[in-house]
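File shown: input_2.pdb. Contents: PDB, C-alpha atoms.
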MODEL        1
ATOM      1  CA  MET A 130       0.000   0.000   0.000
ATOM      2  CA  ARG A 131       2.930   2.290   0.694
ATOM      3  CA  SER A 132       4.220   1.678  -2.846
ATOM      4  CA  ILE A 133       0.815   2.344  -4.405
ATOM      5  CA  ALA A 134       0.379   5.571  -2.506
ATOM      6  CA  SER A 135       3.897   6.774  -3.330
ATOM      7  CA  SER A 136       3.684   5.899  -7.028
ATOM      8  CA  ALA A 137       0.492   7.960  -7.256
ATOM      9  CA  GLY A 138       2.176  10.908  -5.503
ATOM     10  CA  MET A 139      -0.207  10.510  -2.564
ATOM     11  CA  SER A 140       1.914   9.194   0.291
ATOM     12  CA  SER A 141      -0.625  10.614   2.765
ATOM     13  CA  ALA A 142      -3.219   8.191   1.358
ATOM     14  CA  GLU A 143      -1.427   5.110   2.681
ATOM     15  CA  GLN A 144      -3.604   4.912   5.801
ATOM     16  CA  ASN A 145      -6.770   5.318   3.717
ATOM     17  CA  LEU A 146      -5.664   2.473   1.456
ATOM     18  CA  HIS A 147      -4.982   0.345   4.512
ATOM     19  CA  HIS A 148      -8.545   0.942   5.768
ATOM     20  CA  PHE A 149      -9.925   0.201   2.291
ATOM     21  CA  ILE A 150      -8.522  -3.311   2.621
ATOM     22  CA  THR A 151      -8.676  -4.026   6.340
ATOM     23  CA  ASN A 152     -11.831  -2.284   7.552
ATOM     24  CA  SER A 153     -13.946  -1.894   4.434
ATOM     25  CA  THR A 154     -17.075  -3.934   3.718
ATOM     26  CA  TRP A 155     -16.756  -4.697   0.010
ATOM     27  CA  ASP A 156     -17.383  -8.342  -0.825
ATOM     28  CA  TRP A 157     -14.160 -10.008  -2.004
ATOM     29  CA  LYS A 158     -16.073 -13.130  -3.095
ATOM     30  CA  GLU A 159     -17.943 -11.216  -5.793
ATOM     31  CA  VAL A 160     -14.702  -9.680  -7.089
ATOM     32  CA  ARG A 161     -13.003 -13.074  -7.193
ATOM     33  CA  ARG A 162     -15.914 -14.657  -9.018
ATOM     34  CA  GLU A 163     -15.876 -12.014 -11.747
ATOM     35  CA  LEU A 164     -12.075 -12.174 -12.006
ATOM     36  CA  ALA A 165     -12.179 -15.978 -12.262
ATOM     37  CA  ARG A 166     -14.770 -15.905 -15.044
ATOM     38  CA  TYR A 167     -12.787 -13.294 -16.956
ATOM     39  CA  ALA A 168      -9.481 -15.149 -16.516
ATOM     40  CA  ASP A 169     -11.070 -18.477 -17.445
ATOM     41  CA  ASN A 170     -11.824 -17.078 -20.899
ATOM     42  CA  ALA A 171      -8.557 -15.168 -21.257
ATOM     43  CA  VAL A 172      -6.226 -17.960 -20.109
ATOM     44  CA  ALA A 173      -8.057 -21.032 -21.508
ATOM     45  CA  PRO A 174      -6.742 -23.219 -18.658
ATOM     46  CA  VAL A 175      -5.950 -26.910 -18.950
ATOM     47  CA  ALA A 176      -5.658 -27.423 -15.174
ATOM     48  CA  TRP A 177      -6.645 -26.072 -11.782
ATOM     49  CA  VAL A 178      -3.372 -26.054  -9.877
ATOM     50  CA  VAL A 179      -3.460 -26.118  -6.089
ATOM     51  CA  ASP A 180      -0.345 -24.312  -4.880
ATOM     52  CA  PRO A 181       0.416 -24.410  -1.121
ATOM     53  CA  LEU A 182       1.987 -21.250   0.246
ATOM     54  CA  VAL A 183       3.840 -20.812   3.537
ATOM     55  CA  ILE A 184       3.932 -17.177   4.665
ATOM     56  CA  GLN A 185       6.404 -16.541   7.478
ATOM     57  CA  LYS A 186       5.388 -13.995  10.106
ATOM     58  CA  ALA A 187       7.503 -12.333  12.798
ATOM     59  CA  GLY A 188       4.713 -12.111  15.382
ATOM     60  CA  GLU A 189       1.865 -14.319  16.525
ATOM     61  CA  HIS A 190      -1.112 -11.964  16.176
ATOM     62  CA  SER A 191      -1.782 -12.187  12.417
ATOM     63  CA  VAL A 192      -4.758 -14.394  11.642
ATOM     64  CA  GLY A 193      -3.935 -18.072  11.113
ATOM     65  CA  VAL A 194      -0.375 -17.872  12.446
ATOM     66  CA  ARG A 195       0.985 -21.018  14.018
ATOM     67  CA  ARG A 196       4.485 -22.152  14.986
ATOM     68  CA  THR A 197       5.343 -25.414  13.198
ATOM     69  CA  PHE A 198       8.131 -27.216  11.409
ATOM     70  CA  VAL A 199       8.062 -26.579   7.652
ATOM     71  CA  PRO A 200       9.791 -29.369   5.650
ATOM     72  CA  GLY A 201      10.433 -27.115   2.653
ATOM     73  CA  LEU A 202      12.308 -24.647   4.855
ATOM     74  CA  GLY A 203      13.915 -27.263   7.081
ATOM     75  CA  LYS A 204      13.103 -25.351  10.273
ATOM     76  CA  THR A 205      10.366 -24.368  12.718
ATOM     77  CA  VAL A 206       8.794 -20.983  11.996
ATOM     78  CA  GLN A 207       5.806 -18.782  12.748
ATOM     79  CA  ARG A 208       3.730 -19.104   9.616
ATOM     80  CA  GLN A 209       0.390 -18.922   7.884
ATOM     81  CA  TYR A 210      -0.483 -21.885   5.662
ATOM     82  CA  VAL A 211      -2.449 -20.979   2.543
ATOM     83  CA  LEU A 212      -3.826 -22.882  -0.443
ATOM     84  CA  GLY A 213      -4.022 -20.913  -3.664
ATOM     85  CA  VAL A 214      -5.995 -22.292  -6.611
ATOM     86  CA  TRP A 215      -4.604 -21.190  -9.973
ATOM     87  CA  ILE A 216      -6.114 -21.654 -13.413
ATOM     88  CA  ALA A 217      -3.150 -22.550 -15.583
ATOM     89  CA  SER A 218      -2.161 -22.842 -19.208
ATOM     90  CA  GLU A 219       1.122 -22.472 -21.030
ATOM     91  CA  LYS A 220       0.074 -18.906 -21.844
ATOM     92  CA  ALA A 221      -0.398 -17.730 -18.250
ATOM     93  CA  SER A 222      -1.377 -18.829 -14.746
ATOM     94  CA  VAL A 223      -3.728 -16.819 -12.523
ATOM     95  CA  PRO A 224      -4.653 -17.359  -8.844
ATOM     96  CA  VAL A 225      -8.432 -17.102  -8.550
ATOM     97  CA  GLU A 226      -9.143 -18.474  -5.060
ATOM     98  CA  TRP A 227      -7.355 -18.413  -1.707
ATOM     99  CA  HIS A 228      -8.030 -20.382   1.467
ATOM    100  CA  MET A 229      -6.171 -20.206   4.768
ATOM    101  CA  VAL A 230      -5.846 -23.242   7.049
ATOM    102  CA  LEU A 231      -6.999 -22.056  10.486
ATOM    103  CA  PRO A 232      -5.750 -23.948  13.576
ATOM    104  CA  ASP A 233      -8.239 -24.443  16.417
ATOM    105  CA  LYS A 234      -7.232 -21.333  18.371
ATOM    106  CA  TRP A 235      -8.313 -19.159  15.439
ATOM    107  CA  THR A 236     -11.871 -20.510  15.359
ATOM    108  CA  SER A 237     -12.754 -19.646  18.981
ATOM    109  CA  SER A 238     -15.367 -16.996  19.743
ATOM    110  CA  GLU A 239     -12.648 -14.648  21.018
ATOM    111  CA  SER A 240     -10.659 -14.964  17.776
ATOM    112  CA  ARG A 241     -13.796 -14.395  15.701
ATOM    113  CA  ARG A 242     -14.377 -11.187  17.648
ATOM    114  CA  LYS A 243     -10.783  -9.951  17.312
ATOM    115  CA  VAL A 244      -9.869 -10.850  13.735
ATOM    116  CA  GLY A 245     -13.179 -11.707  12.102
ATOM    117  CA  THR A 246     -12.693 -15.408  11.421
ATOM    118  CA  PRO A 247     -15.904 -17.202  10.392
ATOM    119  CA  GLY A 248     -17.715 -19.617  12.658
ATOM    120  CA  LYS A 249     -17.003 -22.376  10.150
ATOM    121  CA  ALA A 250     -13.416 -22.376   8.904
ATOM    122  CA  CYS A 251     -10.936 -24.720   7.221
ATOM    123  CA  PRO A 252      -9.209 -26.769   9.941
ATOM    124  CA  SER A 253      -7.173 -28.874   7.484
ATOM    125  CA  ARG A 254      -5.598 -28.770   4.040
ATOM    126  CA  SER A 255      -8.072 -31.304   2.672
ATOM    127  CA  ASP A 256     -11.065 -29.275   3.910
ATOM    128  CA  CYS A 257      -9.634 -26.099   2.363
ATOM    129  CA  LEU A 258      -9.025 -27.942  -0.899
ATOM    130  CA  ARG A 259     -12.581 -29.260  -1.035
ATOM    131  CA  GLU A 260     -14.086 -25.834  -0.312
ATOM    132  CA  ALA A 261     -11.882 -24.093  -2.885
ATOM    133  CA  ILE A 262     -12.754 -26.547  -5.660
ATOM    134  CA  GLU A 263     -16.458 -26.388  -4.823
ATOM    135  CA  GLU A 264     -16.287 -22.584  -4.986
ATOM    136  CA  LEU A 265     -14.818 -22.656  -8.504
ATOM    137  CA  SER A 266     -17.584 -25.023  -9.572
ATOM    138  CA  ARG A 267     -20.260 -22.732  -8.107
ATOM    139  CA  TRP A 268     -18.797 -19.854 -10.120
ATOM    140  CA  GLY A 269     -19.504 -21.810 -13.298
ATOM    141  CA  LEU A 270     -15.895 -22.294 -14.360
ATOM    142  CA  ARG A 271     -15.270 -25.127 -16.783
ATOM    143  CA  GLN A 272     -14.115 -28.188 -14.849
ATOM    144  CA  ARG A 273     -10.416 -28.929 -15.239
ATOM    145  CA  PRO A 274      -8.234 -31.588 -13.602
ATOM    146  CA  VAL A 275      -6.865 -30.596 -10.205
ATOM    147  CA  VAL A 276      -3.050 -30.786 -10.207
ATOM    148  CA  MET A 277      -1.007 -30.520  -7.004
ATOM    149  CA  ASP A 278       2.438 -31.304  -5.650
ATOM    150  CA  ALA A 279       1.444 -33.265  -2.533
ATOM    151  CA  ARG A 280       4.882 -34.461  -1.492
ATOM    152  CA  GLU A 281       4.924 -32.450   1.751
ATOM    153  CA  VAL A 282       1.512 -33.641   2.970
ATOM    154  CA  ASP A 283      -0.322 -36.898   3.500
ATOM    155  CA  PRO A 284      -2.063 -37.323   0.125
ATOM    156  CA  LEU A 285      -4.765 -39.734   1.321
ATOM    157  CA  PRO A 286      -7.099 -37.133   2.916
ATOM    158  CA  LEU A 287      -6.753 -34.996  -0.231
ATOM    159  CA  ILE A 288      -7.544 -37.981  -2.436
ATOM    160  CA  GLY A 289     -10.560 -38.837  -0.294
ATOM    161  CA  LYS A 290     -12.012 -35.319  -0.561
ATOM    162  CA  LEU A 291     -11.422 -35.096  -4.323
ATOM    163  CA  ALA A 292     -12.743 -38.587  -5.025
ATOM    164  CA  ALA A 293     -15.881 -37.893  -2.975
ATOM    165  CA  SER A 294     -16.513 -34.832  -5.167
ATOM    166  CA  SER A 295     -15.894 -36.794  -8.402
ATOM    167  CA  VAL A 296     -13.168 -34.316  -9.365
ATOM    168  CA  PRO A 297     -10.424 -35.499 -11.761
ATOM    169  CA  PHE A 298      -7.047 -35.084 -10.095
ATOM    170  CA  LEU A 299      -3.332 -35.598 -10.616
ATOM    171  CA  LEU A 300      -1.165 -35.473  -7.483
ATOM    172  CA  ARG A 301       2.586 -35.730  -7.325
ATOM    173  CA  ILE A 302       3.382 -37.933  -4.322
ATOM    174  CA  ARG A 303       6.457 -38.944  -2.335
ATOM    175  CA  GLU A 304       8.343 -42.085  -3.251
ATOM    176  CA  ASP A 305       7.580 -43.562   0.188
ATOM    177  CA  THR A 306       3.786 -43.153  -0.123
ATOM    178  CA  ARG A 307       2.273 -46.553   0.554
ATOM    179  CA  LEU A 308      -0.052 -47.951  -2.096
ATOM    180  CA  ALA A 309      -1.718 -51.293  -2.738
ATOM    181  CA  ASP A 310      -0.402 -53.413  -5.588
ATOM    182  CA  LEU A 311      -3.619 -54.799  -7.050
ATOM    183  CA  GLU A 312      -1.817 -57.790  -8.584
ATOM    184  CA  SER A 313      -0.358 -59.084  -5.336
ATOM    185  CA  GLY A 314      -2.589 -57.321  -2.814
ATOM    186  CA  ARG A 315       0.529 -56.115  -0.968
ATOM    187  CA  LEU A 316       1.063 -52.635   0.437
ATOM    188  CA  MET A 317       4.402 -51.106  -0.492
ATOM    189  CA  ALA A 318       6.096 -47.791  -1.139
ATOM    190  CA  ALA A 319       5.336 -46.172  -4.495
ATOM    191  CA  ALA A 320       9.024 -46.272  -5.488
ATOM    192  CA  GLN A 321       9.159 -50.013  -4.742
ATOM    193  CA  LEU A 322       6.089 -50.570  -6.878
ATOM    194  CA  ALA A 323       7.668 -48.620  -9.732
ATOM    195  CA  GLU A 324      10.881 -50.634  -9.436
ATOM    196  CA  LEU A 325       8.979 -53.932  -9.298
ATOM    197  CA  HIS A 326       7.147 -53.163 -12.567
ATOM    198  CA  LYS A 327       9.971 -51.321 -14.297
ATOM    199  CA  GLY A 328      10.164 -54.007 -16.931
ATOM    200  CA  ALA A 329       6.809 -52.849 -18.277
ATOM    201  CA  SER A 330       7.999 -49.268 -18.807
ATOM    202  CA  ARG A 331       8.418 -47.705 -22.216
ATOM    203  CA  PRO A 332      10.156 -44.646 -23.668
ATOM    204  CA  LEU A 333       8.149 -41.430 -23.695
ATOM    205  CA  LEU A 334       8.269 -38.934 -26.532
ATOM    206  CA  PRO A 335       9.419 -35.423 -25.576
ATOM    207  CA  ALA A 336       6.475 -33.190 -24.753
ATOM    208  CA  GLY A 337       7.920 -30.138 -26.515
ATOM    209  CA  SER A 338      10.991 -28.267 -27.617
ATOM    210  CA  GLY A 339      11.918 -27.533 -24.030
ATOM    211  CA  ALA A 340      11.805 -31.166 -22.893
ATOM    212  CA  PRO A 341      15.049 -32.597 -21.515
ATOM    213  CA  ARG A 342      17.153 -34.538 -24.018
ATOM    214  CA  THR A 343      17.908 -37.297 -21.536
ATOM    215  CA  PRO A 344      15.773 -40.323 -22.510
ATOM    216  CA  VAL A 345      12.627 -40.468 -20.392
ATOM    217  CA  CYS A 346      10.752 -43.666 -19.536
ATOM    218  CA  GLY A 347       7.434 -44.133 -17.823
ATOM    219  CA  LEU A 348       4.818 -46.656 -16.787
ATOM    220  CA  GLY A 349       1.253 -46.725 -15.553
ATOM    221  CA  LEU A 350       0.044 -49.120 -12.872
ATOM    222  CA  ARG A 351      -3.419 -49.663 -11.398
ATOM    223  CA  VAL A 352      -3.191 -49.317  -7.612
ATOM    224  CA  GLY A 353      -5.352 -48.870  -4.551
ATOM    225  CA  ALA A 354      -5.098 -46.338  -1.739
ATOM    226  CA  ALA A 355      -3.826 -47.544   1.618
ATOM    227  CA  GLY A 356      -6.118 -47.323   4.624
ATOM    228  CA  PRO A 357      -9.878 -46.785   4.781
ATOM    229  CA  VAL A 358     -10.040 -44.108   2.055
ATOM    230  CA  ARG A 359     -12.577 -45.025  -0.637
ATOM    231  CA  THR A 360     -11.456 -43.690  -3.968
ATOM    232  CA  GLY A 361     -12.390 -46.090  -6.728
ATOM    233  CA  PRO A 362      -9.649 -47.209  -9.146
ATOM    234  CA  LEU A 363      -6.416 -45.207  -9.187
ATOM    235  CA  LEU A 364      -3.491 -45.064 -11.589
ATOM    236  CA  MET A 365       0.096 -44.561 -10.493
ATOM    237  CA  ALA A 366       2.194 -42.910 -13.214
ATOM    238  CA  ALA A 367       5.969 -43.113 -12.765
ATOM    239  CA  GLN A 368       8.620 -41.275 -14.762
ATOM    240  CA  TRP A 369      12.413 -41.443 -14.668
ATOM    241  CA  THR A 370      15.486 -40.892 -16.793
ATOM    242  CA  ALA A 371      18.672 -42.824 -17.414
ATOM    243  CA  ASP A 372      20.495 -40.377 -15.118
ATOM    244  CA  PRO A 373      21.184 -42.375 -11.919
ATOM    245  CA  ARG A 374      21.180 -39.145  -9.882
ATOM    246  CA  ALA A 375      17.610 -38.327 -10.888
ATOM    247  CA  ALA A 376      14.759 -39.317  -8.584
ATOM    248  CA  THR A 377      11.718 -41.172  -9.864
ATOM    249  CA  MET A 378       8.769 -38.823 -10.338
ATOM    250  CA  ILE A 379       5.534 -40.453  -9.185
ATOM    251  CA  TRP A 380       1.980 -39.267  -9.733
ATOM    252  CA  LEU A 381      -1.381 -40.589  -8.552
ATOM    253  CA  THR A 382      -4.596 -39.972 -10.465
ATOM    254  CA  ASN A 383      -8.186 -41.109 -10.864
ATOM    255  CA  MET A 384      -7.987 -40.470 -14.634
ATOM    256  CA  VAL A 385      -7.182 -44.126 -15.172
ATOM    257  CA  ASP A 386      -7.854 -44.215 -18.926
ATOM    258  CA  THR A 387      -5.693 -41.195 -19.801
ATOM    259  CA  PRO A 388      -2.444 -42.067 -21.663
ATOM    260  CA  ILE A 389       0.676 -41.713 -19.524
ATOM    261  CA  PRO A 390       2.341 -39.092 -21.791
ATOM    262  CA  MET A 391      -0.774 -36.912 -21.496
ATOM    263  CA  LEU A 392      -0.785 -37.218 -17.705
ATOM    264  CA  LEU A 393       2.895 -36.326 -17.451
ATOM    265  CA  GLY A 394       2.316 -33.415 -19.822
ATOM    266  CA  LEU A 395      -0.514 -32.209 -17.591
ATOM    267  CA  GLY A 396       1.911 -32.310 -14.665
ATOM    268  CA  ARG A 397       3.852 -29.497 -16.331
ATOM    269  CA  ALA A 398       1.097 -27.161 -15.091
ATOM    270  CA  LEU A 399       2.897 -27.147 -11.748
ATOM    271  CA  HIS A 400       5.875 -25.562 -13.436
ATOM    272  CA  TRP A 401       3.778 -22.960 -15.241
ATOM    273  CA  VAL A 402       2.469 -21.782 -11.870
ATOM    274  CA  ARG A 403       5.953 -21.738 -10.332
ATOM    275  CA  ALA A 404       7.199 -19.630 -13.232
ATOM    276  CA  ASP A 405       4.420 -17.088 -12.667
ATOM    277  CA  ARG A 406       4.594 -17.162  -8.876
ATOM    278  CA  GLU A 407       7.422 -14.610  -8.840
ATOM    279  CA  THR A 408       5.068 -12.112 -10.510
ATOM    280  CA  CYS A 409       2.499 -12.761  -7.784
ATOM    281  CA  SER A 410       5.159 -12.175  -5.133
ATOM    282  CA  ARG A 411       6.086  -8.853  -6.715
ATOM    283  CA  VAL A 412       2.514  -7.608  -6.462
ATOM    284  CA  GLY A 413       2.206  -8.445  -2.759
ATOM    285  CA  MET A 414       1.286 -12.115  -2.293
ATOM    286  CA  ARG A 415       3.218 -12.333   1.012
ATOM    287  CA  ASP A 416       2.929  -8.709   2.111
ATOM    288  CA  PHE A 417      -0.320  -8.275   4.052
ATOM    289  CA  GLU A 418       0.525  -6.427   7.269
ATOM    290  CA  GLY A 419      -2.877  -6.443   8.946
ATOM    291  CA  ARG A 420      -4.325  -8.979  11.342
ATOM    292  CA  SER A 421      -7.932  -9.507  10.249
ATOM    293  CA  PHE A 422      -9.310 -12.428   8.292
ATOM    294  CA  PRO A 423     -11.531 -10.324   5.964
ATOM    295  CA  GLY A 424      -8.627  -7.901   5.432
ATOM    296  CA  TRP A 425      -6.340 -10.735   4.375
ATOM    297  CA  HIS A 426      -8.937 -11.980   1.866
ATOM    298  CA  ARG A 427      -9.426  -8.497   0.381
ATOM    299  CA  HIS A 428      -5.662  -8.084   0.117
ATOM    300  CA  MET A 429      -5.238 -11.440  -1.656
ATOM    301  CA  THR A 430      -8.139 -10.605  -3.987
ATOM    302  CA  LEU A 431      -6.444  -7.375  -5.084
ATOM    303  CA  VAL A 432      -3.168  -9.309  -5.454
ATOM    304  CA  SER A 433      -4.979 -11.670  -7.853
ATOM    305  CA  VAL A 434      -6.307  -8.725  -9.863
ATOM    306  CA  ALA A 435      -2.853  -7.109 -10.071
ATOM    307  CA  HIS A 436      -1.263 -10.429 -11.024
ATOM    308  CA  THR A 437      -3.826 -11.005 -13.786
ATOM    309  CA  ILE A 438      -3.159  -7.576 -15.270
ATOM    310  CA  ALA A 439       0.597  -8.205 -15.113
ATOM    311  CA  VAL A 440       0.603 -11.609 -16.828
ATOM    312  CA  LEU A 441      -2.028 -10.811 -19.457
ATOM    313  CA  THR A 442      -0.351  -7.573 -20.563
ATOM    314  CA  ARG A 443       3.138  -8.970 -21.018
ATOM    315  CA  THR A 444       4.746  -7.707 -24.206
ATOM    316  CA  GLY A 445       5.700 -10.144 -26.951
ATOM    317  CA  GLN A 446       9.338  -9.902 -25.872
ATOM    318  CA  GLN A 447       8.453 -10.543 -22.229
ATOM    319  CA  ARG A 448       6.350 -13.534 -23.228
ATOM    320  CA  GLN A 449       9.226 -14.954 -25.273
ATOM    321  CA  GLN A 450      11.558 -14.510 -22.309
ATOM    322  CA  TRP A 451       9.008 -16.180 -20.045
ATOM    323  CA  THR A 452       8.644 -19.086 -22.500
ATOM    324  CA  ARG A 453      12.403 -19.570 -22.721
ATOM    325  CA  ARG A 454      12.642 -19.495 -18.932
ATOM    326  CA  THR A 455       9.849 -22.040 -18.669
ATOM    327  CA  GLU A 456      11.467 -24.372 -21.185
ATOM    328  CA  ALA A 457      14.828 -24.087 -19.468
ATOM    329  CA  ARG A 458      13.244 -25.202 -16.197
ATOM    330  CA  LEU A 459      11.210 -28.103 -17.520
ATOM    331  CA  GLY A 460      14.023 -30.476 -16.696
ATOM    332  CA  GLN A 461      13.263 -29.845 -13.007
ATOM    333  CA  LEU A 462      10.050 -31.810 -13.392
ATOM    334  CA  VAL A 463      12.139 -34.838 -14.304
ATOM    335  CA  HIS A 464      14.985 -34.332 -11.881
TER
ENDMDL
END
Would you mind writing the structure in this file as structure tokens?
Amino acid sequence: MRSIASSAGMSSAEQNLHHFITNSTWDWKEVRRELARYADNAVAPVAWVVDPLVIQKAGEHSVGVRRTFVPGLGKTVQRQYVLGVWIASEKASVPVEWHMVLPDKWTSSESRRKVGTPGKACPSRSDCLREAIEELSRWGLRQRPVVMDAREVDPLPLIGKLAASSVPFLLRIREDTRLADLESGRLMAAAQLAELHKGASRPLLPAGSGAPRTPVCGLGLRVGAAGPVRTGPLLMAAQWTADPRAATMIWLTNMVDTPIPMLLGLGRALHWVRADRETCSRVGMRDFEGRSFPGWHRHMTLVSVAHTIAVLTRTGQQRQQWTRRTEARLGQLVH
């Protein structure tokens, strides 16, 4: 807000802008719905990408803050945990919905009074995911497969919520995720399953000019989820290269009849979002300084609007640079 006020030559307006976000009454849901419908036509998405976001905070009074260990950072921090839902294509990726995971202390009557949290909130990642996807459906957006990197969470609750909603999904999972081999009935780690059936793998054609030149192989295997989760049939898609240093990339999906190359190509949507995430950071994705729950949602809504303007008005040269950067990073999806 300080930057906006200064760039308009109105530094005295900073406090007014702060109130416009934190204490105003405009409905962010209506703005998001209209933005999502506009972006759905402009972007022509092939996937809805769920992108987890950890926002570190110095204090403990901002809504949703909790002190926990974050695997991606390798340390314990004060943080907010957010799920952003992006509509993604190779042209551009736009965040259209945001949900914050709220620990128990933030759903008490005292917290609702202080920071405006709703009586019913998202206590878990899987609940937030379900609510976010249902919201996009209510807005009338064309259904697209949900793609997510789920390696830092337990994927089974996510799978259960998505399967119960009959939503097509593609989740990248950890190599040690336990799955049921339908041939033997045994439970084993996904990487062990891939190794056991490696003889059935076949070479995959490069997905585009930016694909790595190292030969890529893949296989698809019908599996079941471990535990009591009811999902229907699932397909495990595994991908690896001849490079012994490269880890096996493993995906889990309910799109069991989709060819493996198409599934792995759809997984590239994760990279499209990562390439555009830096733009979202520049327009304030991590920068809300208030404490209220409605204020945070209004802030993130305006961030989405600013991000959409930024990515859809890139010049031809900027788009070429973005495409080259994307192609140069595609190898990360293999390695």
Test item: residues at most 10 Å from Glu189 in chain A, all atoms listed in the file, excluding those fewer than 5 positions along its chain, as a list in words: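 The residues that qualify are Val194, Arg195, Arg196, Gln207, Arg208, Gln209 and Arg420 of chain A.
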Judged by only C-alpha atoms, the minimum distance to Cys251 in chain A among A:Asp233, A:Asp156, A:Glu324, A:Glu219 is found for A:Asp233
Residues matched by the PyMOL selection byres ((chain A and resi 226) around 10), written as JSON, numbers by chain: {"A": [158, 161, 162, 164, 165, 179, 212, 213, 214, 215, 216, 223, 224, 225, 227, 228, 261, 262, 264, 265, 426, 429, 430, 433]}
Find the residue from A:His326, A:Lys234, A:Arg259, A:Arg397 that sits nearest to Arg301 in chain A; use all atoms listed in the file when measuring.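 Nearest to Arg301 in chain A: A:Arg397.
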Up to 12 Å from (-4.2, -36.1, 4.4) in the file's coordinates: name the residues, counting only C-alpha atoms, as number ranges by chain. A: 252-258, 279-291, 302, 306, 354-356, 358
